[in-house]
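A.B. asks: Sending over protein06.cif (mmCIF, C-alpha atoms).
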```cif
data_model
#
loop_
_atom_site.label_atom_id
_atom_site.label_comp_id
_atom_site.auth_asym_id
_atom_site.auth_seq_id
_atom_site.Cartn_x
_atom_site.Cartn_y
_atom_site.Cartn_z
CA SER A 1 179.14 225.53 -3.17
CA GLN A 2 175.72 224.04 -2.64
CA THR A 3 174.39 223.01 0.74
CA ILE A 4 171.17 221.33 1.80
CA HIS A 5 169.72 221.67 5.28
CA GLN A 6 167.01 219.72 7.04
CA TRP A 7 165.43 220.31 10.39
CA PRO A 8 164.74 219.14 12.90
CA ALA A 9 167.30 216.34 13.04
CA THR A 10 165.15 214.24 15.36
CA LEU A 11 161.49 214.42 16.25
CA VAL A 12 159.25 212.41 18.58
CA GLN A 13 155.55 213.05 18.08
CA PRO A 14 152.34 211.48 19.41
CA VAL A 15 149.87 209.80 17.07
CA GLY A 16 147.39 212.32 15.71
CA SER A 17 149.65 215.32 16.06
CA PRO A 18 150.64 217.54 13.10
CA LEU A 19 154.00 217.47 11.35
CA SER A 20 156.16 219.99 9.57
CA LEU A 21 159.62 219.14 8.25
CA GLU A 22 161.64 221.73 6.44
CA CYS A 23 164.33 221.50 3.79
CA THR A 24 166.30 224.37 2.31
CA VAL A 25 168.98 224.45 -0.37
CA GLU A 26 171.69 227.05 -0.68
CA GLY A 27 173.98 227.91 -3.56
CA THR A 28 171.78 226.98 -6.50
CA SER A 29 168.67 228.28 -8.25
CA ASN A 30 165.56 226.49 -9.43
CA PRO A 31 166.56 223.03 -8.18
CA ASN A 32 164.39 219.97 -8.50
CA LEU A 33 163.47 218.96 -4.94
CA TYR A 34 162.52 215.57 -3.51
CA TRP A 35 161.19 214.04 -0.28
CA TYR A 36 161.98 210.40 0.47
CA ARG A 37 161.11 208.18 3.41
CA GLN A 38 163.31 205.37 4.57
CA ALA A 39 161.62 202.93 6.94
CA ALA A 40 163.74 200.66 9.12
CA GLY A 41 165.31 197.92 7.03
CA ARG A 42 163.77 199.17 3.81
CA GLY A 43 164.90 201.20 0.85
CA LEU A 44 164.02 204.72 -0.16
CA GLN A 45 160.44 205.52 -1.00
CA LEU A 46 159.89 208.65 -3.09
CA LEU A 47 157.07 210.67 -1.54
CA PHE A 48 157.01 213.96 -3.47
CA TYR A 49 159.03 215.89 -5.99
CA SER A 50 158.90 219.44 -7.26
CA VAL A 51 160.32 221.05 -10.38
CA GLY A 52 159.32 224.60 -9.42
CA ILE A 53 157.57 226.86 -6.93
CA GLY A 54 154.06 225.59 -6.22
CA GLN A 55 154.56 222.51 -8.45
CA ILE A 56 154.26 219.31 -6.43
CA SER A 57 154.01 215.76 -7.73
CA SER A 58 152.85 213.09 -5.32
CA GLU A 59 154.10 209.55 -5.63
CA VAL A 60 152.35 208.01 -2.65
CA PRO A 61 148.76 208.91 -1.66
CA GLN A 62 148.97 209.08 2.13
CA ASN A 63 148.23 211.50 4.92
CA LEU A 64 151.31 213.51 3.96
CA SER A 65 151.52 216.62 1.82
CA ALA A 66 154.30 218.80 0.49
CA SER A 67 154.65 222.45 -0.39
CA ARG A 68 157.26 224.61 -2.06
CA PRO A 69 156.59 228.19 -0.99
CA GLN A 70 159.97 229.47 -2.19
CA ASP A 71 162.43 228.37 -4.86
CA ARG A 72 164.80 226.64 -2.46
CA GLN A 73 162.40 225.62 0.32
CA PHE A 74 160.52 222.34 0.47
CA ILE A 75 158.18 221.45 3.33
CA LEU A 76 156.68 218.08 4.26
CA SER A 77 153.52 218.19 6.35
CA SER A 78 150.84 216.10 7.93
CA LYS A 79 147.66 217.09 9.76
CA LYS A 80 147.51 213.87 11.80
CA LEU A 81 150.43 211.51 12.18
CA LEU A 82 150.05 207.74 12.10
CA LEU A 83 152.32 205.16 13.70
CA SER A 84 153.32 204.07 10.20
CA ASP A 85 154.73 207.54 9.50
CA SER A 86 157.77 206.74 11.63
CA GLY A 87 160.98 206.66 9.64
CA PHE A 88 163.95 208.56 8.33
CA TYR A 89 162.95 211.42 6.03
CA LEU A 90 165.42 212.59 3.47
CA CYS A 91 165.30 215.68 1.30
CA ALA A 92 167.32 215.80 -1.90
CA TRP A 93 167.93 218.12 -4.82
CA THR A 94 169.14 217.90 -8.38
CA SER A 95 170.10 220.68 -10.71
CA ALA A 96 167.52 221.61 -13.30
CA LEU A 97 170.27 221.78 -15.92
CA ALA A 98 170.14 219.13 -18.60
CA GLY A 99 172.42 216.22 -17.81
CA ALA A 100 172.65 217.01 -14.11
CA GLU A 101 171.43 213.71 -12.76
CA THR A 102 173.11 213.36 -9.39
CA GLN A 103 170.91 213.64 -6.31
CA TYR A 104 172.36 215.51 -3.34
CA PHE A 105 170.87 214.48 -0.03
CA GLY A 106 170.36 216.33 3.21
CA PRO A 107 171.31 214.86 6.60
CA GLY A 108 167.79 213.59 7.23
CA THR A 109 165.15 213.85 9.96
CA ARG A 110 164.42 210.84 12.12
CA LEU A 111 160.74 210.80 13.07
CA LEU A 112 159.33 208.55 15.76
CA VAL A 113 155.57 208.50 16.16
CA LEU A 114 154.37 207.05 19.47
CA ALA B 115 158.86 201.40 -16.16
CA GLN B 116 162.25 201.35 -14.50
CA SER B 117 163.18 199.13 -11.60
CA VAL B 118 166.25 198.07 -9.68
CA THR B 119 166.97 194.79 -7.93
CA GLN B 120 169.79 194.43 -5.47
CA LEU B 121 170.70 190.83 -4.75
CA GLY B 122 171.36 190.31 -1.07
CA SER B 123 170.15 192.62 1.65
CA HIS B 124 173.27 191.85 3.69
CA VAL B 125 176.80 191.07 2.56
CA SER B 126 179.66 190.25 4.90
CA VAL B 127 183.32 190.24 3.89
CA SER B 128 186.63 190.11 5.70
CA GLU B 129 188.90 193.12 5.73
CA GLY B 130 191.13 192.97 2.64
CA ALA B 131 188.73 190.74 0.70
CA LEU B 132 186.94 191.56 -2.54
CA VAL B 133 183.68 193.45 -2.24
CA LEU B 134 180.98 192.58 -4.77
CA LEU B 135 177.51 194.09 -4.50
CA ARG B 136 175.06 193.05 -7.18
CA CYS B 137 172.55 195.21 -9.00
CA ASN B 138 170.28 194.45 -11.92
CA TYR B 139 168.07 197.02 -13.57
CA SER B 140 165.10 197.12 -15.86
CA SER B 141 164.58 200.01 -18.26
CA SER B 142 162.95 200.33 -21.65
CA VAL B 143 165.25 203.20 -22.61
CA PRO B 144 168.96 203.82 -21.98
CA PRO B 145 169.27 204.62 -18.32
CA TYR B 146 171.58 206.48 -16.06
CA LEU B 147 172.80 204.21 -13.27
CA PHE B 148 174.14 205.14 -9.86
CA TRP B 149 175.57 203.72 -6.70
CA TYR B 150 175.05 205.70 -3.50
CA VAL B 151 176.42 204.98 -0.02
CA GLN B 152 174.74 205.74 3.31
CA TYR B 153 176.58 205.76 6.61
CA PRO B 154 174.51 205.40 9.81
CA ASN B 155 172.14 208.28 10.50
CA GLN B 156 173.29 210.22 7.46
CA GLY B 157 171.97 211.06 4.04
CA LEU B 158 173.11 209.29 0.90
CA GLN B 159 176.16 210.35 -1.08
CA LEU B 160 177.13 209.48 -4.62
CA LEU B 161 179.79 206.80 -5.11
CA LEU B 162 179.73 206.69 -8.89
CA LYS B 163 177.45 206.99 -11.90
CA TYR B 164 177.11 205.70 -15.44
CA THR B 165 175.79 208.15 -18.01
CA SER B 166 176.39 206.35 -21.33
CA ALA B 167 180.11 207.06 -21.59
CA ALA B 168 182.69 204.44 -20.54
CA THR B 169 181.09 201.21 -19.35
CA LEU B 170 183.62 200.82 -16.53
CA VAL B 171 183.06 203.60 -14.06
CA LYS B 172 185.43 204.49 -11.27
CA GLY B 173 184.17 206.19 -8.16
CA ILE B 174 185.33 207.41 -4.80
CA ASN B 175 187.05 205.29 -2.14
CA GLY B 176 188.37 202.75 -4.66
CA PHE B 177 184.98 201.50 -5.83
CA GLU B 178 184.12 200.81 -9.44
CA ALA B 179 181.18 199.41 -11.39
CA GLU B 180 180.73 197.98 -14.85
CA PHE B 181 177.67 198.56 -16.99
CA LYS B 182 176.75 195.38 -18.86
CA LYS B 183 173.83 195.99 -21.15
CA SER B 184 173.50 192.34 -22.20
CA GLU B 185 173.14 191.30 -18.58
CA THR B 186 171.25 194.46 -17.48
CA SER B 187 173.67 194.64 -14.57
CA PHE B 188 175.67 197.30 -12.79
CA HIS B 189 177.58 195.47 -10.06
CA LEU B 190 179.76 197.39 -7.61
CA THR B 191 183.22 196.11 -6.74
CA LYS B 192 186.23 197.02 -4.64
CA PRO B 193 189.39 194.89 -4.66
CA SER B 194 190.13 195.17 -0.94
CA ALA B 195 187.59 196.00 1.75
CA HIS B 196 188.36 198.39 4.57
CA MET B 197 186.55 198.60 7.88
CA SER B 198 185.43 202.09 6.88
CA ASP B 199 183.48 200.62 3.94
CA ALA B 200 180.85 199.24 6.32
CA ALA B 201 177.66 201.04 5.28
CA GLU B 202 174.50 200.60 3.26
CA TYR B 203 174.78 200.77 -0.51
CA PHE B 204 171.99 201.67 -2.90
CA CYS B 205 171.85 201.06 -6.62
CA ALA B 206 169.62 203.46 -8.53
CA VAL B 207 168.32 204.08 -12.05
CA MET B 208 167.12 207.23 -13.76
CA ILE B 209 165.81 207.55 -17.30
CA THR B 210 167.65 210.11 -19.35
CA GLY B 211 165.85 213.43 -19.22
CA GLY B 212 163.64 212.26 -16.39
CA PHE B 213 163.03 213.73 -12.96
CA LYS B 214 162.82 210.62 -10.85
CA THR B 215 165.47 208.26 -9.57
CA ILE B 216 164.38 204.75 -8.61
CA PHE B 217 166.37 203.21 -5.77
CA GLY B 218 166.95 199.59 -4.95
CA ALA B 219 166.19 198.22 -1.49
CA GLY B 220 169.81 198.55 -0.44
CA THR B 221 172.59 196.16 0.60
CA ARG B 222 174.19 196.47 3.99
CA LEU B 223 177.90 195.71 3.86
CA PHE B 224 179.60 194.32 6.97
CA VAL B 225 183.39 194.20 7.13
CA LYS B 226 184.98 191.76 9.58
CA ALA B 227 188.40 192.34 11.08
#
```
Using structure tokens, write down the structure that the file contains.
C.D. replies:
Amino acid sequence: SQTIHQWPATLVQPVGSPLSLECTVEGTSNPNLYWYRQAAGRGLQLLFYSVGIGQISSEVPQNLSASRPQDRQFILSSKKLLLSDSGFYLCAWTSALAGAETQYFGPGTRLLVL
Amino acid sequence: AQSVTQLGSHVSVSEGALVLLRCNYSSSVPPYLFWYVQYPNQGLQLLLKYTSAATLVKGINGFEAEFKKSETSFHLTKPSAHMSDAAEYFCAVMITGGFKTIFGAGTRLFVKA
């Protein structure tokens, strides 16, 4: 069966510090991968998605970036965090097979920038 | 472009009462439609989905939703609320063959004893 992992689960970082959040998927090959941010009291905002290694599409031009160094690994990064980067970050995957539309979400990382 | 509107950011019902969470969508092509549920400090999980088959879709935990093309709606219902249904619910739309899913802002369901 497929499993999606995210770490860390919780992170408290000072403004201006770097960020690296990691997401890995097990049990499937060539998944489509997604990063979302959920701010308090707000819905899900799609940040990045990837349909293959090294292929990243950005939905929101901010101080965040994403990379996909391996087929089942998706990393969210920042060089300098802002207060507004606080939120709940969710990684998700879908199968690349035609008709496989369901998104499977990881447990999330709660980021607090102080 | 696709969009989703969830009517009501908060809904409160009594235990045993009908649950109705409203969702309207906008799409220029036939969409796939979803309802996801999120419990506190967890990721989202799929409740049910519509993919152009039967218009009445049954999901987990006794929830169901009906796709009404004429009303561009996909409302979520459950005949009798349980305390364990308290969570946030997200309606979502995806164009067929697309990569992206567009989520609504979410509706938080409160269940009173």
A.B. asks: With the cut-off set at 9 Å and counting all atoms listed in the file, tabulate each residue of stretch 27-91 of chain A with an atom at most that distance from an atom of stretch 205-227 of chain B, showing the nearest atom pair and its distance in Å to one decimal, ordered by chain and increasing number, as JSON lines.
C.D. replies:
```
{"residue": "A:Asn32", "atom": "CA", "partner": "B:Phe213", "partner_atom": "CA", "distance": 7.8}
{"residue": "A:Tyr34", "atom": "CA", "partner": "B:Lys214", "partner_atom": "CA", "distance": 8.9}
{"residue": "A:Gly41", "atom": "CA", "partner": "B:Ala219", "partner_atom": "CA", "distance": 8.6}
{"residue": "A:Arg42", "atom": "CA", "partner": "B:Ala219", "partner_atom": "CA", "distance": 5.9}
{"residue": "A:Gly43", "atom": "CA", "partner": "B:Ala219", "partner_atom": "CA", "distance": 4.0}
{"residue": "A:Leu44", "atom": "CA", "partner": "B:Phe217", "partner_atom": "CA", "distance": 6.3}
{"residue": "A:Gln45", "atom": "CA", "partner": "B:Phe217", "partner_atom": "CA", "distance": 8.0}
{"residue": "A:Leu46", "atom": "CA", "partner": "B:Ile216", "partner_atom": "CA", "distance": 8.1}
{"residue": "A:Tyr49", "atom": "CA", "partner": "B:Lys214", "partner_atom": "CA", "distance": 8.1}
{"residue": "A:Val51", "atom": "CA", "partner": "B:Phe213", "partner_atom": "CA", "distance": 8.2}
```
A.B. asks: Convert the output of the PyMOL selection byres ((chain A and resi 6) around 6) on the shown file into explicit residues, formatted as a PyMOL selection string.
C.D. replies: chain A and resi 5+7+22-23
A.B. asks: On this file, the PyMOL selection byres ((chain B and resi 199) around 10) gives some set of residues; write that set as a tab-separated table (two decimals) with C-alpha atoms, keeping the file's coordinate frame.
C.D. replies:
```
chain	number	residue	atom	x	y	z
B	129	GLU	CA	188.90	193.12	5.73
B	133	VAL	CA	183.68	193.45	-2.24
B	151	VAL	CA	176.42	204.98	-0.02
B	153	TYR	CA	176.58	205.76	6.61
B	175	ASN	CA	187.05	205.29	-2.14
B	177	PHE	CA	184.98	201.50	-5.83
B	192	LYS	CA	186.23	197.02	-4.64
B	194	SER	CA	190.13	195.17	-0.94
B	195	ALA	CA	187.59	196.00	1.75
B	196	HIS	CA	188.36	198.39	4.57
B	197	MET	CA	186.55	198.60	7.88
B	198	SER	CA	185.43	202.09	6.88
B	200	ALA	CA	180.85	199.24	6.32
B	201	ALA	CA	177.66	201.04	5.28
B	202	GLU	CA	174.50	200.60	3.26
B	203	TYR	CA	174.78	200.77	-0.51
B	223	LEU	CA	177.90	195.71	3.86
B	224	PHE	CA	179.60	194.32	6.97
B	225	VAL	CA	183.39	194.20	7.13
```
A.B. asks: Which residues fall under the PyMOL selection byres ((chain B and resi 121) around 6) in this file, as a PyMOL selection string?
C.D. replies: chain B and resi 120+122+136
A.B. asks: With all atoms of stretch 142-161 of chain B from the file as input, state the centre and edge lengths in Å to one decimal of the axis-aligned box that has 4 Å extra on each side, as JSON.
C.D. replies:
```
{"center_x": 171.4, "center_y": 205.7, "center_z": -6.1, "size_x": 24.8, "size_y": 18.7, "size_z": 41.1}
```
A.B. asks: From the set B:Gly176, B:Val171, B:Leu158, B:Thr186, which residue has the shortest atom-to-atom contact distance to A:Tyr104, counting all atoms listed in the file?
C.D. replies: B:Leu158
A.B. asks: Taking into account all atoms listed in the file, which residue in the set A:Ser20, A:Ser84, A:Ser1, A:Thr10 is nearest to chain B?
C.D. replies: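 Comparing A:Ser20, A:Ser84, A:Ser1, A:Thr10 against chain B, the winner is A:Thr10.
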A.B. asks: Kindly indicate which residue among A:Gln55, A:Ser67, A:Ser95, A:Ser78 lies nearest to A:Glu26, using all atoms listed in the file for the distances.
C.D. replies: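 Going through A:Gln55, A:Ser67, A:Ser95, A:Ser78 one by one, the smallest distance to A:Glu26 is for A:Ser95.
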A.B. asks: What is the distance between atom CA of A:Gly27 and atom CA of A:Thr3, in Å to one decimal?
C.D. replies: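 Computing it gives 6.5 Å between the two atoms.
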A.B. asks: Give me, please, the distance in Å between atom CA of A:Ser65 and atom CA of A:Val25, quoted to one decimal.
C.D. replies: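 Between atom CA of A:Ser65 and atom CA of A:Val25 the gap is 19.3 Å.
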A.B. asks: Pick out the closest residue to chain A from this set: B:Ser184, B:Asn155, B:Thr191, B:Ser166. Count all atoms listed in the file.
C.D. replies: B:Asn155
A.B. asks: For a quick check of understanding, using only C-alpha atoms, which of B:Pro193, B:Tyr146, B:Phe188, B:Lys163 has the smallest distance to B:Ala131?
C.D. replies: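 Ranked by minimum distance to B:Ala131, first place goes to B:Pro193.
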A.B. asks: Quick check, in Å to one decimal: how far apart do atom CA of A:Leu19 and atom CA of A:Leu112 lie?
C.D. replies: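 For atom CA of A:Leu19 relative to atom CA of A:Leu112, the distance reads 11.3 Å.
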A.B. asks: Using only C-alpha atoms, pick whichever of B:Ile174, B:Glu185, B:Ala168, B:Tyr150 has the shortest atom-to-atom distance to chain A.
C.D. replies: B:Tyr150
A.B. asks: Excluding A:Ser77 and any residue of its chain fewer than 4 positions from it, enumerate the residues within 12 Å of it, using all atoms listed in the file, and give them as a list of chain:residue names.
C.D. replies: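 Contacts, in chain order: A:Ser17, A:Pro18, A:Leu19, A:Ser20, A:Leu21, A:Glu22, A:Cys23, A:Trp35, A:Leu47, A:Phe48, A:Gln62, A:Asn63, A:Leu64, A:Ser65, A:Ala66, A:Ser67, A:Arg68, A:Leu81, A:Asp85, A:Tyr89.
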A.B. asks: Could I see stretch 146-157 of chain B restored to all heavy atoms, set down as a PDB file, in the frame of the given file?
C.D. replies:
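What ended up in rebuild.pdb:
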```pdb
ATOM      1  N   TYR B 146     170.433 206.118 -16.859  1.00  0.00           N
ATOM      2  CA  TYR B 146     171.580 206.480 -16.060  1.00  0.00           C
ATOM      3  C   TYR B 146     171.563 205.555 -14.851  1.00  0.00           C
ATOM      4  O   TYR B 146     170.500 205.259 -14.309  1.00  0.00           O
ATOM      5  CB  TYR B 146     171.490 207.933 -15.579  1.00  0.00           C
ATOM      6  CG  TYR B 146     171.612 208.979 -16.662  1.00  0.00           C
ATOM      7  CD1 TYR B 146     171.021 210.223 -16.507  1.00  0.00           C
ATOM      8  CD2 TYR B 146     172.320 208.732 -17.834  1.00  0.00           C
ATOM      9  CE1 TYR B 146     171.125 211.209 -17.491  1.00  0.00           C
ATOM     10  CE2 TYR B 146     172.430 209.704 -18.819  1.00  0.00           C
ATOM     11  CZ  TYR B 146     171.835 210.940 -18.637  1.00  0.00           C
ATOM     12  OH  TYR B 146     171.937 211.900 -19.599  1.00  0.00           O
ATOM     13  N   LEU B 147     172.710 205.119 -14.406  1.00  0.00           N
ATOM     14  CA  LEU B 147     172.800 204.210 -13.270  1.00  0.00           C
ATOM     15  C   LEU B 147     173.741 204.784 -12.224  1.00  0.00           C
ATOM     16  O   LEU B 147     174.741 205.417 -12.564  1.00  0.00           O
ATOM     17  CB  LEU B 147     173.300 202.834 -13.731  1.00  0.00           C
ATOM     18  CG  LEU B 147     172.342 202.084 -14.661  1.00  0.00           C
ATOM     19  CD1 LEU B 147     173.060 200.963 -15.378  1.00  0.00           C
ATOM     20  CD2 LEU B 147     171.163 201.534 -13.867  1.00  0.00           C
ATOM     21  N   PHE B 148     173.410 204.536 -10.978  1.00  0.00           N
ATOM     22  CA  PHE B 148     174.140 205.140  -9.860  1.00  0.00           C
ATOM     23  C   PHE B 148     174.363 204.100  -8.759  1.00  0.00           C
ATOM     24  O   PHE B 148     173.592 203.170  -8.589  1.00  0.00           O
ATOM     25  CB  PHE B 148     173.327 206.288  -9.230  1.00  0.00           C
ATOM     26  CG  PHE B 148     172.835 207.318 -10.198  1.00  0.00           C
ATOM     27  CD1 PHE B 148     171.676 207.091 -10.933  1.00  0.00           C
ATOM     28  CD2 PHE B 148     173.499 208.515 -10.350  1.00  0.00           C
ATOM     29  CE1 PHE B 148     171.205 208.041 -11.830  1.00  0.00           C
ATOM     30  CE2 PHE B 148     173.025 209.474 -11.237  1.00  0.00           C
ATOM     31  CZ  PHE B 148     171.885 209.238 -11.970  1.00  0.00           C
ATOM     32  N   TRP B 149     175.407 204.337  -8.004  1.00  0.00           N
ATOM     33  CA  TRP B 149     175.570 203.720  -6.700  1.00  0.00           C
ATOM     34  C   TRP B 149     175.756 204.851  -5.684  1.00  0.00           C
ATOM     35  O   TRP B 149     176.587 205.748  -5.873  1.00  0.00           O
ATOM     36  CB  TRP B 149     176.781 202.793  -6.642  1.00  0.00           C
ATOM     37  CG  TRP B 149     176.524 201.418  -7.167  1.00  0.00           C
ATOM     38  CD1 TRP B 149     176.813 200.931  -8.396  1.00  0.00           C
ATOM     39  CD2 TRP B 149     175.925 200.338  -6.455  1.00  0.00           C
ATOM     40  NE1 TRP B 149     176.433 199.618  -8.507  1.00  0.00           N
ATOM     41  CE2 TRP B 149     175.882 199.225  -7.322  1.00  0.00           C
ATOM     42  CE3 TRP B 149     175.426 200.181  -5.147  1.00  0.00           C
ATOM     43  CZ2 TRP B 149     175.365 197.983  -6.938  1.00  0.00           C
ATOM     44  CZ3 TRP B 149     174.910 198.955  -4.773  1.00  0.00           C
ATOM     45  CH2 TRP B 149     174.879 197.879  -5.654  1.00  0.00           C
ATOM     46  N   TYR B 150     174.946 204.769  -4.610  1.00  0.00           N
ATOM     47  CA  TYR B 150     175.050 205.700  -3.500  1.00  0.00           C
ATOM     48  C   TYR B 150     175.423 204.909  -2.249  1.00  0.00           C
ATOM     49  O   TYR B 150     175.072 203.734  -2.102  1.00  0.00           O
ATOM     50  CB  TYR B 150     173.714 206.401  -3.246  1.00  0.00           C
ATOM     51  CG  TYR B 150     173.323 207.438  -4.271  1.00  0.00           C
ATOM     52  CD1 TYR B 150     172.656 207.063  -5.440  1.00  0.00           C
ATOM     53  CD2 TYR B 150     173.585 208.785  -4.067  1.00  0.00           C
ATOM     54  CE1 TYR B 150     172.266 208.016  -6.378  1.00  0.00           C
ATOM     55  CE2 TYR B 150     173.201 209.744  -4.995  1.00  0.00           C
ATOM     56  CZ  TYR B 150     172.554 209.347  -6.144  1.00  0.00           C
ATOM     57  OH  TYR B 150     172.173 210.294  -7.065  1.00  0.00           O
ATOM     58  N   VAL B 151     176.067 205.597  -1.298  1.00  0.00           N
ATOM     59  CA  VAL B 151     176.420 204.980  -0.020  1.00  0.00           C
ATOM     60  C   VAL B 151     175.785 205.798   1.105  1.00  0.00           C
ATOM     61  O   VAL B 151     175.675 207.029   1.014  1.00  0.00           O
ATOM     62  CB  VAL B 151     177.946 204.886   0.171  1.00  0.00           C
ATOM     63  CG1 VAL B 151     178.600 206.264   0.159  1.00  0.00           C
ATOM     64  CG2 VAL B 151     178.295 204.161   1.473  1.00  0.00           C
ATOM     65  N   GLN B 152     175.334 205.087   2.137  1.00  0.00           N
ATOM     66  CA  GLN B 152     174.740 205.740   3.310  1.00  0.00           C
ATOM     67  C   GLN B 152     175.399 205.219   4.568  1.00  0.00           C
ATOM     68  O   GLN B 152     175.310 204.022   4.859  1.00  0.00           O
ATOM     69  CB  GLN B 152     173.235 205.502   3.360  1.00  0.00           C
ATOM     70  CG  GLN B 152     172.541 206.235   4.497  1.00  0.00           C
ATOM     71  CD  GLN B 152     171.056 205.956   4.560  1.00  0.00           C
ATOM     72  OE1 GLN B 152     170.603 204.868   4.221  1.00  0.00           O
ATOM     73  NE2 GLN B 152     170.276 206.944   4.987  1.00  0.00           N
ATOM     74  N   TYR B 153     176.035 206.113   5.308  1.00  0.00           N
ATOM     75  CA  TYR B 153     176.580 205.760   6.610  1.00  0.00           C
ATOM     76  C   TYR B 153     175.491 205.982   7.665  1.00  0.00           C
ATOM     77  O   TYR B 153     174.555 206.745   7.431  1.00  0.00           O
ATOM     78  CB  TYR B 153     177.830 206.590   6.899  1.00  0.00           C
ATOM     79  CG  TYR B 153     178.932 206.310   5.902  1.00  0.00           C
ATOM     80  CD1 TYR B 153     179.177 207.179   4.838  1.00  0.00           C
ATOM     81  CD2 TYR B 153     179.697 205.151   5.985  1.00  0.00           C
ATOM     82  CE1 TYR B 153     180.150 206.905   3.901  1.00  0.00           C
ATOM     83  CE2 TYR B 153     180.681 204.871   5.051  1.00  0.00           C
ATOM     84  CZ  TYR B 153     180.893 205.754   4.002  1.00  0.00           C
ATOM     85  OH  TYR B 153     181.849 205.480   3.066  1.00  0.00           O
ATOM     86  N   PRO B 154     175.584 205.340   8.819  1.00  0.00           N
ATOM     87  CA  PRO B 154     174.510 205.400   9.810  1.00  0.00           C
ATOM     88  C   PRO B 154     174.078 206.824  10.137  1.00  0.00           C
ATOM     89  O   PRO B 154     174.914 207.703  10.367  1.00  0.00           O
ATOM     90  CB  PRO B 154     175.132 204.704  11.023  1.00  0.00           C
ATOM     91  CG  PRO B 154     176.112 203.749  10.422  1.00  0.00           C
ATOM     92  CD  PRO B 154     176.684 204.452   9.229  1.00  0.00           C
ATOM     93  N   ASN B 155     172.766 207.008  10.135  1.00  0.00           N
ATOM     94  CA  ASN B 155     172.140 208.280  10.500  1.00  0.00           C
ATOM     95  C   ASN B 155     172.589 209.448   9.637  1.00  0.00           C
ATOM     96  O   ASN B 155     172.647 210.591  10.113  1.00  0.00           O
ATOM     97  CB  ASN B 155     172.394 208.590  11.979  1.00  0.00           C
ATOM     98  CG  ASN B 155     171.756 207.562  12.881  1.00  0.00           C
ATOM     99  OD1 ASN B 155     170.583 207.254  12.724  1.00  0.00           O
ATOM    100  ND2 ASN B 155     172.532 207.008  13.796  1.00  0.00           N
ATOM    101  N   GLN B 156     172.909 209.169   8.398  1.00  0.00           N
ATOM    102  CA  GLN B 156     173.290 210.220   7.460  1.00  0.00           C
ATOM    103  C   GLN B 156     172.485 210.100   6.180  1.00  0.00           C
ATOM    104  O   GLN B 156     171.822 209.094   5.933  1.00  0.00           O
ATOM    105  CB  GLN B 156     174.782 210.153   7.138  1.00  0.00           C
ATOM    106  CG  GLN B 156     175.698 210.415   8.308  1.00  0.00           C
ATOM    107  CD  GLN B 156     177.157 210.434   7.883  1.00  0.00           C
ATOM    108  OE1 GLN B 156     177.492 210.733   6.739  1.00  0.00           O
ATOM    109  NE2 GLN B 156     178.036 210.116   8.825  1.00  0.00           N
ATOM    110  N   GLY B 157     172.563 211.136   5.361  1.00  0.00           N
ATOM    111  CA  GLY B 157     171.970 211.060   4.040  1.00  0.00           C
ATOM    112  C   GLY B 157     172.837 210.224   3.115  1.00  0.00           C
ATOM    113  O   GLY B 157     173.890 209.731   3.499  1.00  0.00           O
TER     114      GLY B 157
END
```
